[in-house]
$ cat my_file-v1.cif   # mmCIF, C-alpha atoms and all ligand atoms
data_final
loop_
_atom_site.label_atom_id
_atom_site.label_comp_id
_atom_site.auth_asym_id
_atom_site.auth_seq_id
_atom_site.Cartn_x
_atom_site.Cartn_y
_atom_site.Cartn_z
CA MET P 1398 1.85 73.21 -17.23
CA GLY P 1399 4.42 73.96 -14.60
CA HIS P 1400 7.35 73.42 -16.99
CA LYS P 1401 10.03 76.06 -17.03
CA PRO P 1402 10.53 77.72 -20.44
CA ALA P 1403 14.11 76.36 -20.58
CA ALA P 1404 12.87 72.80 -20.07
CA ILE P 1405 10.30 73.26 -22.85
CA ALA P 1406 12.96 74.65 -25.18
CA ALA P 1407 15.23 71.68 -24.41
CA ALA P 1408 12.38 69.24 -25.04
CA MET P 1409 11.60 70.96 -28.35
CA ALA P 1410 15.25 70.85 -29.39
CA ALA P 1411 15.35 67.15 -28.56
CA ALA P 1412 12.17 66.60 -30.59
CA ILE P 1413 13.62 68.46 -33.57
CA LEU P 1414 16.87 66.52 -33.38
CA TRP P 1415 14.89 63.29 -33.21
CA THR P 1416 12.95 64.25 -36.35
CA VAL P 1417 16.09 65.29 -38.21
CA GLY P 1418 17.82 62.09 -37.18
CA ASN P 1419 14.96 60.04 -38.53
CA ALA P 1420 14.75 62.00 -41.76
CA SER P 1421 18.38 61.32 -42.57
CA ALA P 1422 17.96 57.54 -42.07
CA ALA P 1423 17.23 55.43 -45.16
CA PRO P 1424 13.52 55.47 -46.05
CA LYS P 1425 11.62 52.37 -45.04
CA SER P 1426 11.20 49.79 -47.78
CA LYS P 1427 7.66 49.07 -48.97
CA PRO P 1428 5.82 47.36 -51.83
CA ASN P 1429 4.08 49.17 -54.74
CA GLN P 1430 7.20 51.17 -55.62
CA ILE P 1431 7.09 50.59 -59.40
CA LYS P 1432 6.50 53.56 -61.71
CA TYR P 1433 6.41 53.57 -65.50
CA GLU P 1434 6.86 55.86 -68.48
CA TYR P 1435 6.09 55.50 -72.20
CA VAL P 1436 8.52 57.93 -73.86
CA SER P 1437 7.39 59.06 -77.32
CA PRO P 1438 9.60 57.40 -79.96
CA LYS P 1439 12.09 59.49 -81.93
CA ASP P 1440 11.88 57.13 -84.89
CA PRO P 1441 8.37 57.13 -86.47
CA ALA P 1442 8.86 53.42 -87.28
CA HIS P 1443 8.56 52.72 -83.54
CA GLN P 1444 5.25 54.56 -83.12
CA PRO P 1445 3.13 51.38 -83.57
CA ILE P 1446 5.17 49.61 -80.84
CA HIS P 1447 4.65 52.55 -78.48
CA ASP P 1448 0.93 52.72 -79.31
CA GLN P 1449 0.34 49.01 -78.96
CA MET P 1450 2.15 48.80 -75.63
CA LYS P 1451 0.29 51.82 -74.29
CA GLN P 1452 -3.11 50.64 -75.46
CA GLY P 1453 -2.40 47.16 -74.12
CA ARG P 1454 -1.25 48.71 -70.80
CA ALA P 1455 1.93 46.60 -70.98
CA LEU P 1456 3.92 48.68 -68.46
CA GLU P 1457 0.92 48.92 -66.11
CA HIS P 1458 0.75 45.12 -66.13
CA LEU P 1459 4.48 44.82 -65.44
CA GLN P 1460 4.07 47.39 -62.65
CA GLU P 1461 1.39 45.21 -61.09
CA LEU P 1462 3.48 42.05 -61.49
CA LEU P 1463 6.49 43.65 -59.81
CA SER P 1464 4.47 45.45 -57.09
CA PRO P 1465 5.33 42.83 -54.39
CA LEU P 1466 8.99 43.95 -54.45
CA ARG P 1467 9.75 45.90 -51.29
CA LEU P 1468 12.03 48.83 -52.17
CA SER P 1469 13.14 51.98 -50.37
CA TYR P 1470 12.88 54.10 -53.51
CA PRO P 1471 10.63 54.00 -56.57
CA LEU P 1472 11.86 51.99 -59.56
CA THR P 1473 10.74 53.24 -62.98
CA LEU P 1474 10.09 51.01 -66.02
CA LYS P 1475 10.64 53.03 -69.16
CA VAL P 1476 10.36 52.33 -72.89
CA ALA P 1477 12.23 54.81 -75.08
CA GLY P 1478 14.02 55.26 -78.40
CA CYS P 1479 17.78 54.89 -77.91
CA GLY P 1480 19.32 54.54 -81.37
CA ALA P 1481 20.40 50.95 -80.67
CA ALA P 1482 18.77 47.67 -79.62
CA ASN P 1483 19.56 47.77 -75.92
CA ALA P 1484 18.17 47.74 -72.39
CA TRP P 1485 19.76 48.78 -69.12
CA TYR P 1486 19.29 49.70 -65.49
CA ASP P 1487 20.74 52.93 -64.12
CA ASP P 1488 19.82 55.16 -61.15
CA GLU P 1489 16.51 53.50 -60.29
CA VAL P 1490 15.34 53.52 -63.93
CA ILE P 1491 15.04 50.53 -66.25
CA THR P 1492 15.14 51.57 -69.90
CA VAL P 1493 14.08 49.14 -72.61
CA CYS P 1494 14.66 50.55 -76.09
CA TYR P 1495 12.05 50.44 -78.83
CA GLU P 1496 14.88 49.18 -81.04
CA MET P 1497 15.17 46.06 -78.88
CA LEU P 1498 11.41 45.51 -78.88
CA ALA P 1499 11.41 45.92 -82.68
CA ASP P 1500 14.16 43.28 -82.92
CA ILE P 1501 12.12 40.85 -80.84
CA LEU P 1502 9.04 41.42 -83.01
CA LYS P 1503 11.11 41.00 -86.18
CA SER P 1504 12.59 37.70 -84.96
CA ALA P 1505 9.19 36.16 -84.23
CA PRO P 1506 8.27 33.35 -86.62
CA PRO P 1507 5.41 33.99 -89.08
CA GLN P 1508 3.27 31.36 -87.38
CA ASP P 1509 3.04 29.15 -84.29
CA LEU P 1510 5.85 26.64 -83.76
CA PRO P 1511 5.61 22.91 -83.03
CA GLY P 1512 5.78 21.89 -79.36
CA GLY P 1513 2.96 24.23 -78.30
CA LEU P 1514 4.93 27.46 -78.67
CA SER P 1515 2.83 30.21 -80.23
CA ARG P 1516 4.14 33.17 -82.19
CA ALA P 1517 2.88 35.40 -79.38
CA ASP P 1518 5.01 33.46 -76.86
CA THR P 1519 8.15 34.14 -78.91
CA VAL P 1520 7.40 37.85 -78.45
CA LEU P 1521 6.00 37.92 -74.91
CA GLY P 1522 8.69 35.58 -73.52
CA PRO P 1523 11.72 37.65 -74.58
CA ILE P 1524 10.04 40.95 -73.62
CA LEU P 1525 9.20 39.64 -70.16
CA ALA P 1526 12.73 38.21 -69.89
CA VAL P 1527 14.30 41.59 -70.76
CA PHE P 1528 12.26 43.46 -68.15
CA LEU P 1529 12.94 40.79 -65.51
CA HIS P 1530 16.66 40.70 -66.37
CA GLU P 1531 16.88 44.47 -65.88
CA THR P 1532 14.76 44.22 -62.73
CA ALA P 1533 17.38 41.78 -61.43
CA HIS P 1534 20.13 44.41 -61.93
CA ALA P 1535 17.88 46.93 -60.14
CA VAL P 1536 17.21 44.53 -57.26
CA PHE P 1537 20.89 43.60 -56.86
CA ASN P 1538 21.79 47.28 -56.78
CA MET P 1539 18.93 48.82 -54.81
CA LEU P 1540 18.79 46.05 -52.19
CA GLN P 1541 22.56 45.51 -52.11
CA ILE P 1542 22.25 41.81 -52.87
CA PRO P 1543 25.65 40.10 -53.05
CA VAL P 1544 26.21 38.36 -56.39
CA LEU P 1545 28.59 35.43 -56.73
CA GLY P 1546 29.63 34.84 -60.31
CA ARG P 1547 28.87 37.06 -63.25
CA GLU P 1548 26.07 39.53 -62.70
CA GLU P 1549 24.75 39.11 -66.26
CA ASP P 1550 24.33 35.37 -65.73
CA ALA P 1551 22.76 35.99 -62.31
CA ALA P 1552 20.28 38.42 -63.92
CA ASP P 1553 19.29 35.74 -66.49
CA GLN P 1554 18.82 33.22 -63.68
CA PHE P 1555 16.70 35.67 -61.69
CA ALA P 1556 14.51 36.23 -64.77
CA ALA P 1557 14.09 32.50 -65.41
CA TYR P 1558 13.28 31.86 -61.75
CA VAL P 1559 10.54 34.50 -61.73
CA MET P 1560 9.08 33.17 -65.01
CA LEU P 1561 8.94 29.69 -63.46
CA ARG P 1562 6.60 31.10 -60.76
CA LEU P 1563 3.90 31.93 -63.36
CA GLY P 1564 2.16 28.55 -63.24
CA LYS P 1565 3.06 25.55 -65.37
CA ASP P 1566 1.54 26.40 -68.74
CA GLU P 1567 2.61 30.06 -68.70
CA ALA P 1568 6.05 29.26 -67.27
CA ARG P 1569 6.66 26.82 -70.12
CA ARG P 1570 5.52 29.32 -72.76
CA MET P 1571 7.63 32.18 -71.39
CA ILE P 1572 10.76 30.07 -70.81
CA LEU P 1573 10.63 28.50 -74.29
CA GLY P 1574 9.72 31.86 -75.86
CA SER P 1575 12.73 33.57 -74.34
CA ALA P 1576 15.02 30.61 -75.12
CA TYR P 1577 13.80 30.84 -78.73
CA HIS P 1578 14.98 34.45 -78.94
CA HIS P 1579 18.53 33.50 -77.89
CA ALA P 1580 18.51 30.30 -79.94
CA ILE P 1581 17.80 32.04 -83.25
CA GLN P 1582 20.98 34.05 -82.74
CA MET P 1583 23.01 30.84 -82.83
CA PRO P 1584 24.77 30.53 -86.15
CA GLY P 1585 24.52 26.72 -86.38
CA THR P 1586 25.88 23.57 -84.77
CA HIS P 1587 29.48 24.71 -85.21
CA VAL P 1588 30.78 28.17 -84.50
CA THR P 1589 33.87 30.06 -85.60
CA VAL P 1590 34.14 33.44 -83.95
CA PRO P 1591 36.86 35.99 -83.24
CA ILE P 1592 38.21 35.24 -79.75
CA GLN P 1593 37.28 38.75 -78.54
CA SER P 1594 33.60 37.94 -78.99
CA LEU P 1595 33.94 35.58 -76.00
CA SER P 1596 35.22 38.35 -73.74
CA GLY P 1597 31.90 40.14 -73.28
CA GLU P 1598 30.14 40.53 -69.94
CA HIS P 1599 27.14 38.57 -71.27
CA SER P 1600 27.30 34.87 -72.03
CA THR P 1601 26.94 34.03 -75.73
CA PRO P 1602 23.41 33.51 -77.14
CA ALA P 1603 24.02 29.74 -77.26
CA GLN P 1604 25.06 29.69 -73.59
CA ARG P 1605 22.10 31.85 -72.59
CA THR P 1606 19.79 29.40 -74.39
CA PHE P 1607 21.26 26.37 -72.63
CA ASN P 1608 21.35 28.17 -69.27
CA ILE P 1609 17.69 29.14 -69.27
CA LEU P 1610 16.63 25.68 -70.47
CA CYS P 1611 18.79 24.09 -67.75
CA VAL P 1612 17.19 26.16 -64.97
CA ALA P 1613 13.76 25.23 -66.30
CA TYR P 1614 14.56 21.53 -66.68
CA GLY P 1615 16.15 21.55 -63.22
CA ALA P 1616 12.97 23.06 -61.78
CA ASP P 1617 10.58 20.64 -63.48
CA LYS P 1618 11.90 17.59 -65.35
CA THR P 1619 8.42 16.55 -66.45
CA LEU P 1620 7.21 19.90 -67.75
CA PHE P 1621 10.43 20.40 -69.74
CA ALA P 1622 11.17 16.73 -70.57
CA ASP P 1623 10.85 17.35 -74.32
CA VAL P 1624 13.61 19.95 -74.18
CA VAL P 1625 16.08 17.09 -73.55
CA GLU P 1626 14.24 14.49 -75.67
CA ARG P 1627 14.34 16.77 -78.68
CA GLY P 1628 18.01 17.61 -78.10
CA PHE P 1629 17.64 21.32 -77.35
CA LEU P 1630 19.46 20.72 -74.05
CA PRO P 1631 22.31 18.18 -74.29
CA LYS P 1632 22.03 15.22 -71.88
CA ASP P 1633 25.42 15.90 -70.23
CA ARG P 1634 24.25 19.33 -69.12
CA ALA P 1635 20.75 18.14 -68.25
CA GLU P 1636 22.23 15.81 -65.61
CA VAL P 1637 23.45 18.73 -63.49
CA CYS P 1638 20.42 21.00 -63.91
CA ALA P 1639 18.59 19.89 -60.75
CA ARG P 1640 21.65 20.97 -58.75
CA GLU P 1641 21.90 24.26 -60.67
CA TYR P 1642 18.25 24.96 -59.94
CA ASP P 1643 18.67 24.06 -56.26
CA ASP P 1644 21.52 26.57 -55.95
CA LEU P 1645 19.37 29.25 -57.60
CA ASN P 1646 16.35 28.40 -55.45
CA PHE P 1647 18.48 28.59 -52.30
CA ALA P 1648 19.91 31.99 -53.27
CA MET P 1649 16.53 33.43 -54.26
CA THR P 1650 14.89 32.16 -51.07
CA LYS P 1651 17.67 33.40 -48.82
CA LEU P 1652 18.46 36.73 -50.50
CA ILE P 1653 15.41 37.93 -52.45
CA LYS P 1654 12.35 36.45 -50.71
CA PRO P 1655 12.76 38.63 -47.58
CA HIS P 1656 12.21 41.64 -49.87
CA ILE P 1657 8.96 40.32 -51.34
CA ASP P 1658 5.55 41.24 -49.90
CA GLN P 1659 4.09 37.74 -49.56
CA ARG P 1660 0.45 38.87 -49.54
CA LEU P 1661 0.89 40.69 -52.89
CA ALA P 1662 3.09 37.90 -54.26
CA GLY P 1663 0.17 35.52 -53.75
CA LYS P 1664 -1.64 37.40 -56.53
CA PHE P 1665 1.31 37.11 -58.96
CA HIS P 1666 0.03 34.12 -60.92
CA GLY P 1667 -3.51 35.53 -61.14
CA THR P 1668 -2.29 38.95 -62.31
CA TRP P 1669 -0.29 37.39 -65.11
CA ALA P 1670 -3.10 35.07 -66.21
CA ARG P 1671 -5.57 37.98 -66.27
CA THR P 1672 -3.33 40.35 -68.24
CA VAL P 1673 -1.56 38.05 -70.68
CA ASN P 1674 -4.57 36.79 -72.62
CA ALA P 1675 -5.41 40.17 -74.13
CA ARG P 1676 -1.79 40.73 -75.16
CA ARG P 1677 -1.54 37.24 -76.61
CA ALA P 1678 -4.71 37.78 -78.67
CA ASN P 1679 -3.34 41.12 -79.87
CA LEU P 1680 -0.05 39.59 -81.01
CA ALA P 1681 -1.73 36.66 -82.73
CA ARG P 1682 -3.70 39.08 -84.93
CA ARG P 1683 -0.65 40.78 -86.46
ZN ZN P 1701 22.24 42.79 -67.97
#
$ encode --input "my_file-v1.cif" --output "structure tokens"
Amino acid sequence: MGHKPAAIAAAMAAAILWTVGNASAAPKSKPNQIKYEYVSPKDPAHQPIHDQMKQGRALEHLQELLSPLRLSYPLTLKVAGCGAANAWYDDEVITVCYEMLADILKSAPPQDLPGGLSRADTVLGPILAVFLHETAHAVFNMLQIPVLGREEDAADQFAAYVMLRLGKDEARRMILGSAYHHAIQMPGTHVTVPIQSLSGEHSTPAQRTFNILCVAYGADKTLFADVVERGFLPKDRAEVCAREYDDLNFAMTKLIKPHIDQRLAGKFHGTWARTVNARRANLARR
């Protein structure tokens, strides 16, 4: 009313420019950005793993667990046949190979272990650790988190830290279960290896075992006291674990916590407790 056509045209042009300007800015980060995909296996031997995960809604449960992460883009959790036991993060997709899941299942002991570690924990622990380790790579990349030290070690620490938030009993089961998976790859108390095998981007299985146990012991000396008493974690290392955990806690609080939806994160423990029992019962039956 009363505006000259030229003024209206100018206002419209300004409005369009404003919209375009906004559209080219990075999308706003938000929670509930996790997607998932069960790719049909190429190798028929992996069909039971695919079926069991799908029926047990394993990726849906992981999606729910990771939903508090605030991201600008969706992150997809995928299980697929790859031709090798591997897992990786690339372009907003985490791929965990059926071959790796098969390896974890194959390495599980025939029955429960002493110290309160069930056969199911030796499967659930490493699987959770793999997904969380890859989530760490995704988080570092998508949120541009600076990483001091080796990214592979940082990803293991991230995974251990998140597992320690599950509540005491579950944290202990998942930490020991995932440590078990690295520990069984240790050849014995003395090692002779070609020097090149120490040049990899990952720490050796023995180091990964000690590292995860150290973070756990550093977080809770009482809950993980037996890890030192039984000699799984040497005393010399155990002495510095509180400091190692403090460093990790500081980094996670400072760098990662601002990207976590605290209201959804409050449900984290409950979500895990509700979803893990069915999977544990399933694994115990095999
Ligand atoms: Zn990695």
$ residues_near_ligand --input "my_file-v1.cif" --ligand "ligand ZN 1701 (chain P)" --cutoff "8 Å" --atoms "only C-alpha atoms and all ligand atoms" --output "MDAnalysis selection string"
chainID P and resid 1484:1486 1530:1531 1534 1548:1549 1552:1553 1599
$ residues_around --input "my_file-v1.cif" --residues "Phe1528 (chain P)" --least-positions-apart "6" --cutoff "9 Å" --atoms "only C-alpha atoms" --output "VMD selection string"
chain P and resid 1459 1474 1484 1491 to 1493 1556
$ closest_residue --input "my_file-v1.cif" --among "P:Ile1581, P:Ala1477, P:Val1624, P:Leu1468" --to "Tyr1433 (chain P)" --atoms "all atoms listed in the file"
P:Ala1477
$ atom_distance --input "my_file-v1.cif" --atom1 "CA of Arg1570 (chain P)" --atom2 "CA of Gly1453 (chain P)"
19.6 Å
$ residues_around --input "my_file-v1.cif" --residues "Arg1660 (chain P)" --least-positions-apart "6" --cutoff "12 Å" --atoms "all atoms listed in the file" --output "MDAnalysis selection string"
chainID P and resid 1428 1464:1467
